[in-house]
Amino acid sequence: MARLALITGAAGLIGHYLLTTAPRWASRWEVRGITRQDVDLTDAGAVRRLWRDLHPHAVIHCAAQSRTGLCQQDPTLAQRINVKATALLAELAAEIPFLFLSSDQVFDGSKGRYVETDPVNPLNVYGETKAEAERIVLQNPRHSVIRVALNAGTSPTGDRSFVEDMRNSLKGGTLLTLFTDEFRCPLPAGMTARALWELIDQDRPGLYHLGGAERLSRWEIGQALISWYPELAGQIQPDSVGTYTGAPRPPDLSMRCDKLQGLLSFPLSGLRAWLAGRTSAGQDLWDYPEGSL
Ligand SMILES: NC(=O)c1ccc[n+]([C@@H]2O[C@H](COP(=O)([O-])OP(=O)(O)OC[C@H]3O[C@@H](n4cnc5c(N)ncnc54)[C@H](OP(=O)(O)O)[C@@H]3O)[C@@H](O)[C@H]2O)c1
């Protein structure tokens, strides 16, 4: 009988890709997605009831307040969902594999090319909550933390991935400024989903970095997207992050992913290589079809 894998945050970007790719990459699992409509994960009683009803054999915990700005505005809410709800799920999942999705934002971005053993030093509330939850999750040697880089994809709500954010902001008609000196390792959400499904099958718990192989500036990312999203042409402009006056921004959150790459059956390609390998505009550009790359 198939074992039950629970996906929290199933209506979000990565959770959605996990669900839609499960028939392809997770055929030995019965997969159940949990959304806010099923349960508010900050309601401990409801979470315990759900657990008693479902008895999952593994959990991929994607639900979060993932927007840095909203975490900054409401640190208490960010703490409740990103830390407390994670701690409760990790407690309930004490005897089974538990994959917690963290973020490159646990680093301050002063160094770049981060490896798993580098010390964390978050600059914002979102990164602080992720770093705190990581410490709780990693107390259990059966559990895993996956620090995920910037994901490109198409979300059910149309407003979750950085590509959607870029395209939505253009609708206001203003030029979009992209920093030439802020670096990330973006990757397609379909690739993230495939990597998570492979990792959960490996039963190799621990701390992992999951990003694309190319370190790109925000400006380079925008340039790379133009061939698939021509509306970006003429609508994006380069600038230095030095001109930015808002909350602190980690300049270089590039990560090395050798540890995870060593467990995977496919390459964690960079964003430009990924886009160069796409041929059909008909399919989801950010999905990982069988047989590609
Ligand atoms: N996408 C990225 O580029 C990226 C990069 C680094 C790390 N991550 C991490 O990866 C994970 C998945 O990211 P994502 O992009 O898929 O995030 P997302 O699109 O924002 O999805 C998160 C989901 O969690 C749900 N949620 C939030 N609070 C909840 C609550 N109290 N009860 C039940 N559900 C709740 C959200 O529902 P509502 O929409 O109703 O709030 C949303 O559907 C997150 O932990 C995120 O921090 C993502």
# chains A, B, ... in the order shown; residues from 1 in each chain; ligands from 1
>>> select_by_dssp(residues="range 96-257 of chain A", states="strand (DSSP E)", output="JSON, numbers by chain")
{"A": [98, 99, 100, 101, 102, 103, 143, 144, 145, 146, 147, 148, 151, 152, 176, 177, 178, 179, 183, 184, 187, 188, 207, 208, 209, 210, 216, 217, 236, 237, 238, 239]}
>>> write_last_selection(atoms="N, CA, C and O atoms", output="short mmCIF file (atom, residue, chain, number, x, y, z; two decimals), in the first residue's frame")
data_model
loop_
_atom_site.label_atom_id
_atom_site.label_comp_id
_atom_site.auth_asym_id
_atom_site.auth_seq_id
_atom_site.Cartn_x
_atom_site.Cartn_y
_atom_site.Cartn_z
N PHE A 98 10.69 14.38 7.79
CA PHE A 98 10.07 15.71 7.80
C PHE A 98 11.02 16.65 7.07
O PHE A 98 12.16 16.82 7.50
N LEU A 99 10.54 17.21 5.94
CA LEU A 99 11.37 18.14 5.17
C LEU A 99 10.82 19.54 5.37
O LEU A 99 9.68 19.83 4.98
N PHE A 100 11.64 20.40 5.97
CA PHE A 100 11.23 21.79 6.21
C PHE A 100 11.92 22.69 5.19
O PHE A 100 13.14 22.66 5.07
N LEU A 101 11.10 23.50 4.48
CA LEU A 101 11.67 24.41 3.49
C LEU A 101 12.08 25.72 4.14
O LEU A 101 11.24 26.49 4.62
N SER A 102 13.39 25.93 4.17
CA SER A 102 13.93 27.18 4.69
C SER A 102 14.36 28.04 3.50
O SER A 102 13.88 27.83 2.37
N SER A 103 15.25 28.97 3.74
CA SER A 103 15.53 29.97 2.70
C SER A 103 16.99 30.40 2.73
O SER A 103 17.65 30.36 3.78
N HIS A 143 15.14 14.44 10.67
CA HIS A 143 14.51 15.53 9.92
C HIS A 143 15.50 16.30 9.06
O HIS A 143 16.71 16.25 9.29
N SER A 144 14.93 17.02 8.07
CA SER A 144 15.75 17.73 7.10
C SER A 144 15.33 19.19 6.97
O SER A 144 14.14 19.52 7.10
N VAL A 145 16.32 20.03 6.69
CA VAL A 145 16.09 21.43 6.35
C VAL A 145 16.66 21.65 4.96
O VAL A 145 17.82 21.33 4.71
N ILE A 146 15.83 22.20 4.09
CA ILE A 146 16.30 22.49 2.73
C ILE A 146 16.21 24.00 2.53
O ILE A 146 15.11 24.56 2.52
N ARG A 147 17.37 24.63 2.39
CA ARG A 147 17.40 26.08 2.14
C ARG A 147 17.23 26.31 0.64
O ARG A 147 18.10 25.97 -0.15
N VAL A 148 16.08 26.89 0.31
CA VAL A 148 15.69 27.01 -1.08
C VAL A 148 16.05 28.41 -1.59
O VAL A 148 15.88 29.41 -0.88
N ASN A 151 12.68 30.87 -6.50
CA ASN A 151 12.01 29.93 -7.41
C ASN A 151 11.21 30.66 -8.48
O ASN A 151 10.41 31.56 -8.16
N ALA A 152 11.38 30.23 -9.73
CA ALA A 152 10.57 30.75 -10.83
C ALA A 152 9.44 29.76 -11.08
O ALA A 152 9.67 28.55 -11.09
N LEU A 176 10.74 48.87 -14.12
CA LEU A 176 11.16 48.00 -13.02
C LEU A 176 12.69 48.08 -12.89
O LEU A 176 13.41 47.82 -13.86
N THR A 177 13.15 48.46 -11.69
CA THR A 177 14.60 48.56 -11.46
C THR A 177 15.12 47.21 -10.98
O THR A 177 14.58 46.63 -10.03
N LEU A 178 16.17 46.71 -11.62
CA LEU A 178 16.79 45.44 -11.23
C LEU A 178 18.25 45.70 -10.89
O LEU A 178 18.99 46.30 -11.69
N PHE A 179 18.67 45.23 -9.72
CA PHE A 179 20.02 45.53 -9.25
C PHE A 179 21.06 44.69 -9.97
O PHE A 179 20.89 43.49 -10.17
N PHE A 183 22.89 39.28 -5.93
CA PHE A 183 23.04 38.00 -6.61
C PHE A 183 22.21 36.89 -5.96
O PHE A 183 22.12 36.80 -4.73
N ARG A 184 21.66 36.03 -6.80
CA ARG A 184 20.87 34.89 -6.37
C ARG A 184 21.18 33.70 -7.30
O ARG A 184 21.79 33.88 -8.34
N LEU A 187 16.07 29.09 -9.65
CA LEU A 187 15.81 27.78 -10.28
C LEU A 187 14.32 27.63 -10.52
O LEU A 187 13.51 28.29 -9.86
N PRO A 188 13.93 26.76 -11.46
CA PRO A 188 12.51 26.54 -11.73
C PRO A 188 11.86 25.76 -10.58
O PRO A 188 12.46 24.83 -10.04
N LEU A 207 20.87 18.88 6.55
CA LEU A 207 20.74 20.27 6.06
C LEU A 207 21.27 20.36 4.63
O LEU A 207 22.41 19.93 4.37
N TYR A 208 20.45 20.91 3.72
CA TYR A 208 20.82 20.97 2.30
C TYR A 208 20.54 22.35 1.71
O TYR A 208 19.56 23.00 2.10
N HIS A 209 21.36 22.72 0.74
CA HIS A 209 21.09 23.91 -0.08
C HIS A 209 20.53 23.47 -1.43
O HIS A 209 21.03 22.51 -2.02
N LEU A 210 19.49 24.17 -1.88
CA LEU A 210 18.84 23.83 -3.15
C LEU A 210 18.64 25.10 -3.98
O LEU A 210 17.74 25.91 -3.70
N LEU A 216 23.46 34.65 -10.53
CA LEU A 216 23.07 35.73 -11.44
C LEU A 216 22.64 36.96 -10.65
O LEU A 216 22.02 36.84 -9.58
N SER A 217 22.93 38.14 -11.20
CA SER A 217 22.40 39.36 -10.59
C SER A 217 20.93 39.48 -10.96
O SER A 217 20.45 38.86 -11.92
N ILE A 236 12.55 47.17 -18.06
CA ILE A 236 13.43 46.96 -16.90
C ILE A 236 14.67 47.84 -17.06
O ILE A 236 15.13 48.10 -18.18
N GLN A 237 15.16 48.33 -15.94
CA GLN A 237 16.36 49.18 -15.99
C GLN A 237 17.34 48.73 -14.90
O GLN A 237 16.93 48.34 -13.81
N PRO A 238 18.65 48.79 -15.19
CA PRO A 238 19.64 48.37 -14.21
C PRO A 238 19.95 49.48 -13.21
O PRO A 238 19.82 50.67 -13.52
N ASP A 239 20.31 49.09 -12.00
CA ASP A 239 20.75 50.07 -10.99
C ASP A 239 21.58 49.33 -9.95
O ASP A 239 21.60 48.09 -9.93
#
>>> select_by_dssp(residues="range 54-244 of chain A", states="helix (DSSP H, G or I)", output="count of residues only")
78
>>> residues_around(residues="Tyr288 in chain A", least_positions_apart="5", cutoff="12 Å", atoms="only C-alpha atoms", output="VMD selection string")
chain A and resid 17 to 18 20 to 22 24 to 25 152 to 153 187 to 195 266 to 269 274 to 275 277 to 278 283 293
>>> closest_residue(among="A:Gly222, A:Pro186, A:Pro250, A:Gly206", to="Gln139 in chain A", atoms="only C-alpha atoms")
A:Gly206
>>> residues_near_ligand(ligand="ligand 1", cutoff="7 Å", atoms="only C-alpha atoms and all ligand atoms", output="ChimeraX atom specification")
/A:8-15,35-36,39-42,62-67,81,101-104,147-152,155,160-162
>>> atom_distance(atom1="CA of Ala276 in chain A", atom2="CA of Arg256 in chain A")
21.9 Å
>>> residues_around(residues="Leu225 in chain A", least_positions_apart="5", cutoff="10 Å", atoms="only C-alpha atoms", output="list of chain:residue names")
A:Val163, A:Glu220, A:Pro230, A:Glu231, A:Leu232, A:Ala233, A:Leu271, A:Arg272, A:Leu275
>>> atom_distance(atom1="CA of Ile96 in chain A", atom2="CA of Val31 in chain A")
15.1 Å
>>> closest_residue(among="A:Gly234, A:Leu89, A:Val125, A:Trp29", to="Gly45 in chain A", atoms="only C-alpha atoms")
A:Leu89
>>> residues_around(residues="Ala90 in chain A", least_positions_apart="5", cutoff="12 Å", atoms="only C-alpha atoms", output="count of residues only")
29
>>> atom_distance(atom1="CA of Pro205 in chain A", atom2="CA of His57 in chain A")
14.7 Å
>>> closest_residue(among="A:Leu6, A:Gln72, A:Pro289, A:Leu19", to="Leu50 in chain A", atoms="only C-alpha atoms")
A:Leu6
>>> residues_around(residues="Pro248 in chain A", least_positions_apart="6", cutoff="12 Å", atoms="only C-alpha atoms", output="count of residues only")
15
>>> decode(residues="range 15-57 of chain A", atoms="C-alpha atoms", output="CSV table (one decimal), in the first residue's frame")
chain,number,residue,atom,x,y,z
A,15,GLY,CA,3.5,23.0,-2.7
A,16,HIS,CA,1.5,23.3,-5.9
A,17,TYR,CA,4.4,22.0,-8.0
A,18,LEU,CA,4.9,19.2,-5.6
A,19,LEU,CA,1.3,18.1,-6.0
A,20,THR,CA,1.2,18.4,-9.8
A,21,THR,CA,4.5,16.6,-10.3
A,22,ALA,CA,3.8,13.8,-7.8
A,23,PRO,CA,2.3,11.4,-10.4
A,24,ARG,CA,5.7,11.8,-12.3
A,25,TRP,CA,8.2,11.8,-9.5
A,26,ALA,CA,6.5,10.3,-6.5
A,27,SER,CA,4.5,7.4,-7.8
A,28,ARG,CA,5.2,5.3,-4.7
A,29,TRP,CA,3.6,7.9,-2.5
A,30,GLU,CA,0.0,8.7,-1.9
A,31,VAL,CA,0.1,12.5,-1.8
A,32,ARG,CA,-2.2,14.8,0.2
A,33,GLY,CA,-2.0,18.5,-0.1
A,34,ILE,CA,-3.1,20.7,2.8
A,35,THR,CA,-4.2,24.3,2.3
A,36,ARG,CA,-5.3,27.0,4.6
A,37,GLN,CA,-8.9,25.9,3.7
A,38,ASP,CA,-8.2,22.5,5.3
A,39,VAL,CA,-6.5,23.8,8.4
A,40,ASP,CA,-5.0,27.0,9.8
A,41,LEU,CA,-1.6,25.7,10.8
A,42,THR,CA,-1.4,28.3,13.6
A,43,ASP,CA,-4.4,26.5,15.3
A,44,ALA,CA,-2.6,23.8,17.3
A,45,GLY,CA,-5.8,21.9,18.2
A,46,ALA,CA,-6.9,21.7,14.6
A,47,VAL,CA,-3.4,20.6,13.5
A,48,ARG,CA,-3.4,17.8,16.1
A,49,ARG,CA,-6.9,16.7,15.0
A,50,LEU,CA,-5.7,16.6,11.3
A,51,TRP,CA,-2.7,14.6,12.4
A,52,ARG,CA,-4.9,12.0,14.2
A,53,ASP,CA,-7.1,11.7,11.1
A,54,LEU,CA,-4.3,11.3,8.5
A,55,HIS,CA,-1.4,9.6,10.2
A,56,PRO,CA,1.1,10.6,7.4
A,57,HIS,CA,4.3,8.7,6.8
